[in-house]
Amino acid sequence: MDWLQTIEIISVLLNLLYLLLLMRENIWCWVCGIAGSALGALLMFHTKLYSETILYIFYVAIGVYGWYVWHTRGIEKTFHITRWSGM
């Protein structure tokens with residue numbers, strides 16, 4: 001197994017951990033999502049998929065923003081479920 005496969009496996013595991021922690025409303029989900037996306041960006045850059053690299057860098061930036069908003073404002077524990085009138 002070469003280092004690219006190792007990075008890919010770690011990236012996938014971090015992104016799965018991101019989903020599990022997000023479902024549990026744990027702020028550490030953002031760290032896993034950011035790290036997984038950063039590793040994905042590195043992988044895409046190395047394989048010369050530059051558009052995908054830009055997309056993964058966007059994911060990292062949005063992850064940093066999401067962590068900042070969650071950290072400063074907290075997460076609302078109440079969700080209001082509504083129906084659209086057309087449904």
# chains A, B, ... in the order shown; residues from 1 in each chain; ligands from 1

$ residues_around --residues "range 31-47 of chain A" --least-positions-apart "3" --cutoff "8 Å" --atoms "only C-alpha atoms" --output "tab-separated table (two decimals) with N, CA, C and O atoms, in the first residue's frame"
chain	number	residue	atom	x	y	z
A	4	LEU	N	-0.47	7.28	-1.04
A	4	LEU	CA	-1.72	7.84	-1.55
A	4	LEU	C	-2.94	7.03	-1.08
A	4	LEU	O	-3.97	7.61	-0.71
A	7	ILE	N	-3.49	7.88	2.60
A	7	ILE	CA	-4.16	9.18	2.76
A	7	ILE	C	-5.63	9.07	2.41
A	7	ILE	O	-6.49	9.64	3.09
A	8	GLU	N	-5.94	8.35	1.36
A	8	GLU	CA	-7.34	8.19	0.96
A	8	GLU	C	-8.15	7.48	2.04
A	8	GLU	O	-9.26	7.88	2.37
A	10	ILE	N	-7.48	7.29	5.29
A	10	ILE	CA	-7.61	8.17	6.45
A	10	ILE	C	-8.64	9.26	6.19
A	10	ILE	O	-9.46	9.58	7.06
A	11	SER	N	-8.63	9.81	4.98
A	11	SER	CA	-9.60	10.85	4.61
A	11	SER	C	-11.04	10.32	4.69
A	11	SER	O	-11.92	10.98	5.24
A	12	VAL	N	-11.26	9.14	4.17
A	12	VAL	CA	-12.60	8.55	4.20
A	12	VAL	C	-13.02	8.28	5.64
A	12	VAL	O	-14.17	8.58	6.04
A	13	LEU	N	-12.12	7.74	6.45
A	13	LEU	CA	-12.45	7.47	7.85
A	13	LEU	C	-12.76	8.75	8.63
A	13	LEU	O	-13.69	8.79	9.44
A	14	LEU	N	-11.98	9.81	8.38
A	14	LEU	CA	-12.25	11.08	9.04
A	14	LEU	C	-13.60	11.65	8.62
A	14	LEU	O	-14.33	12.20	9.46
A	15	ASN	N	-13.94	11.53	7.35
A	15	ASN	CA	-15.23	12.05	6.90
A	15	ASN	C	-16.40	11.22	7.42
A	15	ASN	O	-17.48	11.77	7.69
A	17	LEU	N	-16.29	9.71	10.36
A	17	LEU	CA	-16.33	10.15	11.75
A	17	LEU	C	-17.01	11.52	11.86
A	17	LEU	O	-17.76	11.78	12.80
A	18	TYR	N	-16.77	12.38	10.87
A	18	TYR	CA	-17.46	13.68	10.81
A	18	TYR	C	-18.97	13.48	10.81
A	18	TYR	O	-19.69	14.14	11.57
A	27	ILE	N	-19.28	19.18	18.54
A	27	ILE	CA	-18.52	20.21	17.82
A	27	ILE	C	-17.24	19.66	17.19
A	27	ILE	O	-16.72	20.21	16.23
A	28	TRP	N	-16.73	18.52	17.69
A	28	TRP	CA	-15.51	17.93	17.14
A	28	TRP	C	-15.72	17.39	15.73
A	28	TRP	O	-14.76	17.04	15.04
A	50	TYR	N	-7.22	19.29	-10.56
A	50	TYR	CA	-7.16	20.61	-9.95
A	50	TYR	C	-8.55	21.18	-9.63
A	50	TYR	O	-8.70	21.88	-8.63
A	52	GLU	N	-11.15	19.42	-8.66
A	52	GLU	CA	-11.53	18.73	-7.43
A	52	GLU	C	-10.75	19.29	-6.24
A	52	GLU	O	-11.28	19.38	-5.13
A	53	THR	N	-9.49	19.66	-6.46
A	53	THR	CA	-8.69	20.27	-5.40
A	53	THR	C	-9.34	21.55	-4.91
A	53	THR	O	-9.47	21.78	-3.70
A	54	ILE	N	-9.79	22.39	-5.85
A	54	ILE	CA	-10.46	23.64	-5.49
A	54	ILE	C	-11.74	23.34	-4.71
A	54	ILE	O	-12.05	24.02	-3.72
A	55	LEU	N	-12.48	22.33	-5.13
A	55	LEU	CA	-13.71	21.96	-4.43
A	55	LEU	C	-13.42	21.53	-3.00
A	55	LEU	O	-14.10	21.95	-2.05
A	56	TYR	N	-12.39	20.72	-2.81
A	56	TYR	CA	-12.04	20.27	-1.46
A	56	TYR	C	-11.52	21.42	-0.60
A	56	TYR	O	-11.77	21.46	0.61
A	57	ILE	N	-10.82	22.37	-1.20
A	57	ILE	CA	-10.39	23.56	-0.46
A	57	ILE	C	-11.61	24.38	-0.04
A	57	ILE	O	-11.66	24.92	1.07
A	59	TYR	N	-14.51	23.06	0.66
A	59	TYR	CA	-15.05	22.31	1.79
A	59	TYR	C	-14.30	22.63	3.08
A	59	TYR	O	-14.90	22.73	4.15
A	60	VAL	N	-12.98	22.77	3.00
A	60	VAL	CA	-12.20	23.13	4.17
A	60	VAL	C	-12.62	24.51	4.68
A	60	VAL	O	-12.84	24.70	5.88
A	63	GLY	N	-15.95	24.35	6.25
A	63	GLY	CA	-15.80	23.67	7.53
A	63	GLY	C	-15.29	24.60	8.62
A	63	GLY	O	-15.78	24.57	9.75
A	64	VAL	N	-14.32	25.43	8.27
A	64	VAL	CA	-13.80	26.41	9.23
A	64	VAL	C	-14.91	27.40	9.61
A	64	VAL	O	-15.11	27.72	10.78
A	67	TRP	N	-17.44	25.57	11.87
A	67	TRP	CA	-16.93	25.43	13.22
A	67	TRP	C	-17.00	26.76	13.97
A	67	TRP	O	-17.40	26.80	15.13

$ select_by_dssp --residues "chain A" --states "alpha helix (DSSP H)" --output "PyMOL selection string"
chain A and resi 3-23+29-46+50-73

$ atom_distance --atom1 "CA of Cys29 in chain A" --atom2 "CA of Trp3 in chain A"
24.8 Å

$ atom_distance --atom1 "CA of Gly66 in chain A" --atom2 "CA of Leu22 in chain A"
11.5 Å

$ atom_distance --atom1 "CA of Ile9 in chain A" --atom2 "CA of Tyr65 in chain A"
25.1 Å

$ decode --residues "range 50-66 of chain A" --atoms "all heavy atoms" --output "PDB file, in the first residue's frame"
ATOM      1  N   TYR A  50      -7.218  19.286 -10.562  1.00  0.00           N
ATOM      2  CA  TYR A  50      -7.162  20.610  -9.949  1.00  0.00           C
ATOM      3  C   TYR A  50      -8.546  21.179  -9.629  1.00  0.00           C
ATOM      4  O   TYR A  50      -8.703  21.884  -8.632  1.00  0.00           O
ATOM      5  CB  TYR A  50      -6.370  21.554 -10.838  1.00  0.00           C
ATOM      6  CG  TYR A  50      -4.950  21.075 -11.038  1.00  0.00           C
ATOM      7  CD1 TYR A  50      -4.475  20.747 -12.297  1.00  0.00           C
ATOM      8  CD2 TYR A  50      -4.103  20.908  -9.951  1.00  0.00           C
ATOM      9  CE1 TYR A  50      -3.176  20.287 -12.468  1.00  0.00           C
ATOM     10  CE2 TYR A  50      -2.804  20.448 -10.109  1.00  0.00           C
ATOM     11  CZ  TYR A  50      -2.348  20.148 -11.380  1.00  0.00           C
ATOM     12  OH  TYR A  50      -1.071  19.687 -11.534  1.00  0.00           O
ATOM     13  N   SER A  51      -9.546  20.873 -10.421  1.00  0.00           N
ATOM     14  CA  SER A  51     -10.897  21.348 -10.110  1.00  0.00           C
ATOM     15  C   SER A  51     -11.411  20.696  -8.828  1.00  0.00           C
ATOM     16  O   SER A  51     -12.051  21.357  -8.001  1.00  0.00           O
ATOM     17  CB  SER A  51     -11.861  21.038 -11.255  1.00  0.00           C
ATOM     18  OG  SER A  51     -11.482  21.736 -12.412  1.00  0.00           O
ATOM     19  N   GLU A  52     -11.145  19.421  -8.660  1.00  0.00           N
ATOM     20  CA  GLU A  52     -11.526  18.731  -7.428  1.00  0.00           C
ATOM     21  C   GLU A  52     -10.752  19.288  -6.237  1.00  0.00           C
ATOM     22  O   GLU A  52     -11.277  19.376  -5.129  1.00  0.00           O
ATOM     23  CB  GLU A  52     -11.284  17.231  -7.546  1.00  0.00           C
ATOM     24  CG  GLU A  52     -12.243  16.516  -8.450  1.00  0.00           C
ATOM     25  CD  GLU A  52     -13.644  16.419  -7.845  1.00  0.00           C
ATOM     26  OE1 GLU A  52     -13.761  16.228  -6.628  1.00  0.00           O
ATOM     27  OE2 GLU A  52     -14.596  16.532  -8.614  1.00  0.00           O
ATOM     28  N   THR A  53      -9.490  19.665  -6.461  1.00  0.00           N
ATOM     29  CA  THR A  53      -8.693  20.273  -5.402  1.00  0.00           C
ATOM     30  C   THR A  53      -9.344  21.554  -4.914  1.00  0.00           C
ATOM     31  O   THR A  53      -9.468  21.776  -3.704  1.00  0.00           O
ATOM     32  CB  THR A  53      -7.267  20.570  -5.906  1.00  0.00           C
ATOM     33  OG1 THR A  53      -6.672  19.368  -6.380  1.00  0.00           O
ATOM     34  CG2 THR A  53      -6.411  21.166  -4.801  1.00  0.00           C
ATOM     35  N   ILE A  54      -9.786  22.386  -5.848  1.00  0.00           N
ATOM     36  CA  ILE A  54     -10.458  23.639  -5.487  1.00  0.00           C
ATOM     37  C   ILE A  54     -11.739  23.344  -4.714  1.00  0.00           C
ATOM     38  O   ILE A  54     -12.048  24.018  -3.722  1.00  0.00           O
ATOM     39  CB  ILE A  54     -10.735  24.481  -6.743  1.00  0.00           C
ATOM     40  CG1 ILE A  54      -9.418  24.955  -7.348  1.00  0.00           C
ATOM     41  CG2 ILE A  54     -11.648  25.664  -6.430  1.00  0.00           C
ATOM     42  CD1 ILE A  54      -9.552  25.563  -8.729  1.00  0.00           C
ATOM     43  N   LEU A  55     -12.483  22.330  -5.132  1.00  0.00           N
ATOM     44  CA  LEU A  55     -13.710  21.959  -4.434  1.00  0.00           C
ATOM     45  C   LEU A  55     -13.415  21.531  -2.996  1.00  0.00           C
ATOM     46  O   LEU A  55     -14.098  21.946  -2.055  1.00  0.00           O
ATOM     47  CB  LEU A  55     -14.421  20.841  -5.192  1.00  0.00           C
ATOM     48  CG  LEU A  55     -15.741  20.344  -4.601  1.00  0.00           C
ATOM     49  CD1 LEU A  55     -16.774  21.469  -4.598  1.00  0.00           C
ATOM     50  CD2 LEU A  55     -16.253  19.161  -5.400  1.00  0.00           C
ATOM     51  N   TYR A  56     -12.392  20.721  -2.808  1.00  0.00           N
ATOM     52  CA  TYR A  56     -12.042  20.273  -1.456  1.00  0.00           C
ATOM     53  C   TYR A  56     -11.523  21.424  -0.597  1.00  0.00           C
ATOM     54  O   TYR A  56     -11.771  21.459   0.611  1.00  0.00           O
ATOM     55  CB  TYR A  56     -11.023  19.136  -1.511  1.00  0.00           C
ATOM     56  CG  TYR A  56     -11.665  17.790  -1.700  1.00  0.00           C
ATOM     57  CD1 TYR A  56     -11.974  17.307  -2.966  1.00  0.00           C
ATOM     58  CD2 TYR A  56     -11.978  16.998  -0.610  1.00  0.00           C
ATOM     59  CE1 TYR A  56     -12.580  16.079  -3.148  1.00  0.00           C
ATOM     60  CE2 TYR A  56     -12.585  15.767  -0.768  1.00  0.00           C
ATOM     61  CZ  TYR A  56     -12.882  15.312  -2.045  1.00  0.00           C
ATOM     62  OH  TYR A  56     -13.486  14.096  -2.211  1.00  0.00           O
ATOM     63  N   ILE A  57     -10.817  22.371  -1.203  1.00  0.00           N
ATOM     64  CA  ILE A  57     -10.388  23.563  -0.456  1.00  0.00           C
ATOM     65  C   ILE A  57     -11.610  24.376  -0.037  1.00  0.00           C
ATOM     66  O   ILE A  57     -11.658  24.921   1.073  1.00  0.00           O
ATOM     67  CB  ILE A  57      -9.397  24.396  -1.291  1.00  0.00           C
ATOM     68  CG1 ILE A  57      -8.070  23.641  -1.417  1.00  0.00           C
ATOM     69  CG2 ILE A  57      -9.165  25.770  -0.674  1.00  0.00           C
ATOM     70  CD1 ILE A  57      -7.093  24.245  -2.396  1.00  0.00           C
ATOM     71  N   PHE A  58     -12.622  24.436  -0.896  1.00  0.00           N
ATOM     72  CA  PHE A  58     -13.876  25.097  -0.542  1.00  0.00           C
ATOM     73  C   PHE A  58     -14.517  24.390   0.655  1.00  0.00           C
ATOM     74  O   PHE A  58     -15.010  25.041   1.584  1.00  0.00           O
ATOM     75  CB  PHE A  58     -14.822  25.102  -1.745  1.00  0.00           C
ATOM     76  CG  PHE A  58     -16.178  25.656  -1.439  1.00  0.00           C
ATOM     77  CD1 PHE A  58     -16.367  27.025  -1.303  1.00  0.00           C
ATOM     78  CD2 PHE A  58     -17.263  24.818  -1.291  1.00  0.00           C
ATOM     79  CE1 PHE A  58     -17.614  27.549  -1.017  1.00  0.00           C
ATOM     80  CE2 PHE A  58     -18.516  25.321  -1.005  1.00  0.00           C
ATOM     81  CZ  PHE A  58     -18.694  26.689  -0.865  1.00  0.00           C
ATOM     82  N   TYR A  59     -14.506  23.061   0.660  1.00  0.00           N
ATOM     83  CA  TYR A  59     -15.045  22.306   1.788  1.00  0.00           C
ATOM     84  C   TYR A  59     -14.297  22.626   3.081  1.00  0.00           C
ATOM     85  O   TYR A  59     -14.905  22.727   4.153  1.00  0.00           O
ATOM     86  CB  TYR A  59     -14.984  20.803   1.529  1.00  0.00           C
ATOM     87  CG  TYR A  59     -15.892  20.294   0.450  1.00  0.00           C
ATOM     88  CD1 TYR A  59     -15.596  19.114  -0.225  1.00  0.00           C
ATOM     89  CD2 TYR A  59     -17.049  20.968   0.095  1.00  0.00           C
ATOM     90  CE1 TYR A  59     -16.433  18.624  -1.217  1.00  0.00           C
ATOM     91  CE2 TYR A  59     -17.891  20.489  -0.901  1.00  0.00           C
ATOM     92  CZ  TYR A  59     -17.576  19.313  -1.548  1.00  0.00           C
ATOM     93  OH  TYR A  59     -18.397  18.840  -2.520  1.00  0.00           O
ATOM     94  N   VAL A  60     -12.985  22.769   3.002  1.00  0.00           N
ATOM     95  CA  VAL A  60     -12.201  23.131   4.175  1.00  0.00           C
ATOM     96  C   VAL A  60     -12.618  24.509   4.679  1.00  0.00           C
ATOM     97  O   VAL A  60     -12.838  24.702   5.882  1.00  0.00           O
ATOM     98  CB  VAL A  60     -10.684  23.096   3.864  1.00  0.00           C
ATOM     99  CG1 VAL A  60      -9.875  23.711   4.994  1.00  0.00           C
ATOM    100  CG2 VAL A  60     -10.219  21.676   3.591  1.00  0.00           C
ATOM    101  N   ALA A  61     -12.758  25.464   3.758  1.00  0.00           N
ATOM    102  CA  ALA A  61     -13.152  26.822   4.145  1.00  0.00           C
ATOM    103  C   ALA A  61     -14.542  26.843   4.774  1.00  0.00           C
ATOM    104  O   ALA A  61     -14.764  27.489   5.806  1.00  0.00           O
ATOM    105  CB  ALA A  61     -13.104  27.751   2.929  1.00  0.00           C
ATOM    106  N   ILE A  62     -15.478  26.117   4.185  1.00  0.00           N
ATOM    107  CA  ILE A  62     -16.826  26.048   4.744  1.00  0.00           C
ATOM    108  C   ILE A  62     -16.805  25.337   6.097  1.00  0.00           C
ATOM    109  O   ILE A  62     -17.547  25.696   7.019  1.00  0.00           O
ATOM    110  CB  ILE A  62     -17.787  25.352   3.755  1.00  0.00           C
ATOM    111  CG1 ILE A  62     -18.001  26.239   2.537  1.00  0.00           C
ATOM    112  CG2 ILE A  62     -19.106  25.009   4.405  1.00  0.00           C
ATOM    113  CD1 ILE A  62     -18.604  27.589   2.847  1.00  0.00           C
ATOM    114  N   GLY A  63     -15.948  24.346   6.249  1.00  0.00           N
ATOM    115  CA  GLY A  63     -15.804  23.667   7.531  1.00  0.00           C
ATOM    116  C   GLY A  63     -15.295  24.599   8.618  1.00  0.00           C
ATOM    117  O   GLY A  63     -15.778  24.572   9.754  1.00  0.00           O
ATOM    118  N   VAL A  64     -14.319  25.434   8.273  1.00  0.00           N
ATOM    119  CA  VAL A  64     -13.802  26.413   9.232  1.00  0.00           C
ATOM    120  C   VAL A  64     -14.914  27.399   9.608  1.00  0.00           C
ATOM    121  O   VAL A  64     -15.107  27.721  10.776  1.00  0.00           O
ATOM    122  CB  VAL A  64     -12.572  27.155   8.670  1.00  0.00           C
ATOM    123  CG1 VAL A  64     -12.183  28.330   9.546  1.00  0.00           C
ATOM    124  CG2 VAL A  64     -11.404  26.185   8.510  1.00  0.00           C
ATOM    125  N   TYR A  65     -15.666  27.847   8.621  1.00  0.00           N
ATOM    126  CA  TYR A  65     -16.783  28.754   8.888  1.00  0.00           C
ATOM    127  C   TYR A  65     -17.838  28.072   9.760  1.00  0.00           C
ATOM    128  O   TYR A  65     -18.342  28.675  10.718  1.00  0.00           O
ATOM    129  CB  TYR A  65     -17.408  29.237   7.575  1.00  0.00           C
ATOM    130  CG  TYR A  65     -18.652  30.064   7.788  1.00  0.00           C
ATOM    131  CD1 TYR A  65     -18.564  31.365   8.256  1.00  0.00           C
ATOM    132  CD2 TYR A  65     -19.910  29.535   7.527  1.00  0.00           C
ATOM    133  CE1 TYR A  65     -19.702  32.128   8.470  1.00  0.00           C
ATOM    134  CE2 TYR A  65     -21.054  30.280   7.733  1.00  0.00           C
ATOM    135  CZ  TYR A  65     -20.946  31.582   8.203  1.00  0.00           C
ATOM    136  OH  TYR A  65     -22.082  32.316   8.402  1.00  0.00           O
ATOM    137  N   GLY A  66     -18.190  26.835   9.459  1.00  0.00           N
ATOM    138  CA  GLY A  66     -19.167  26.091  10.243  1.00  0.00           C
ATOM    139  C   GLY A  66     -18.730  25.911  11.677  1.00  0.00           C
ATOM    140  O   GLY A  66     -19.513  26.080  12.617  1.00  0.00           O
TER     141      GLY A  66
END
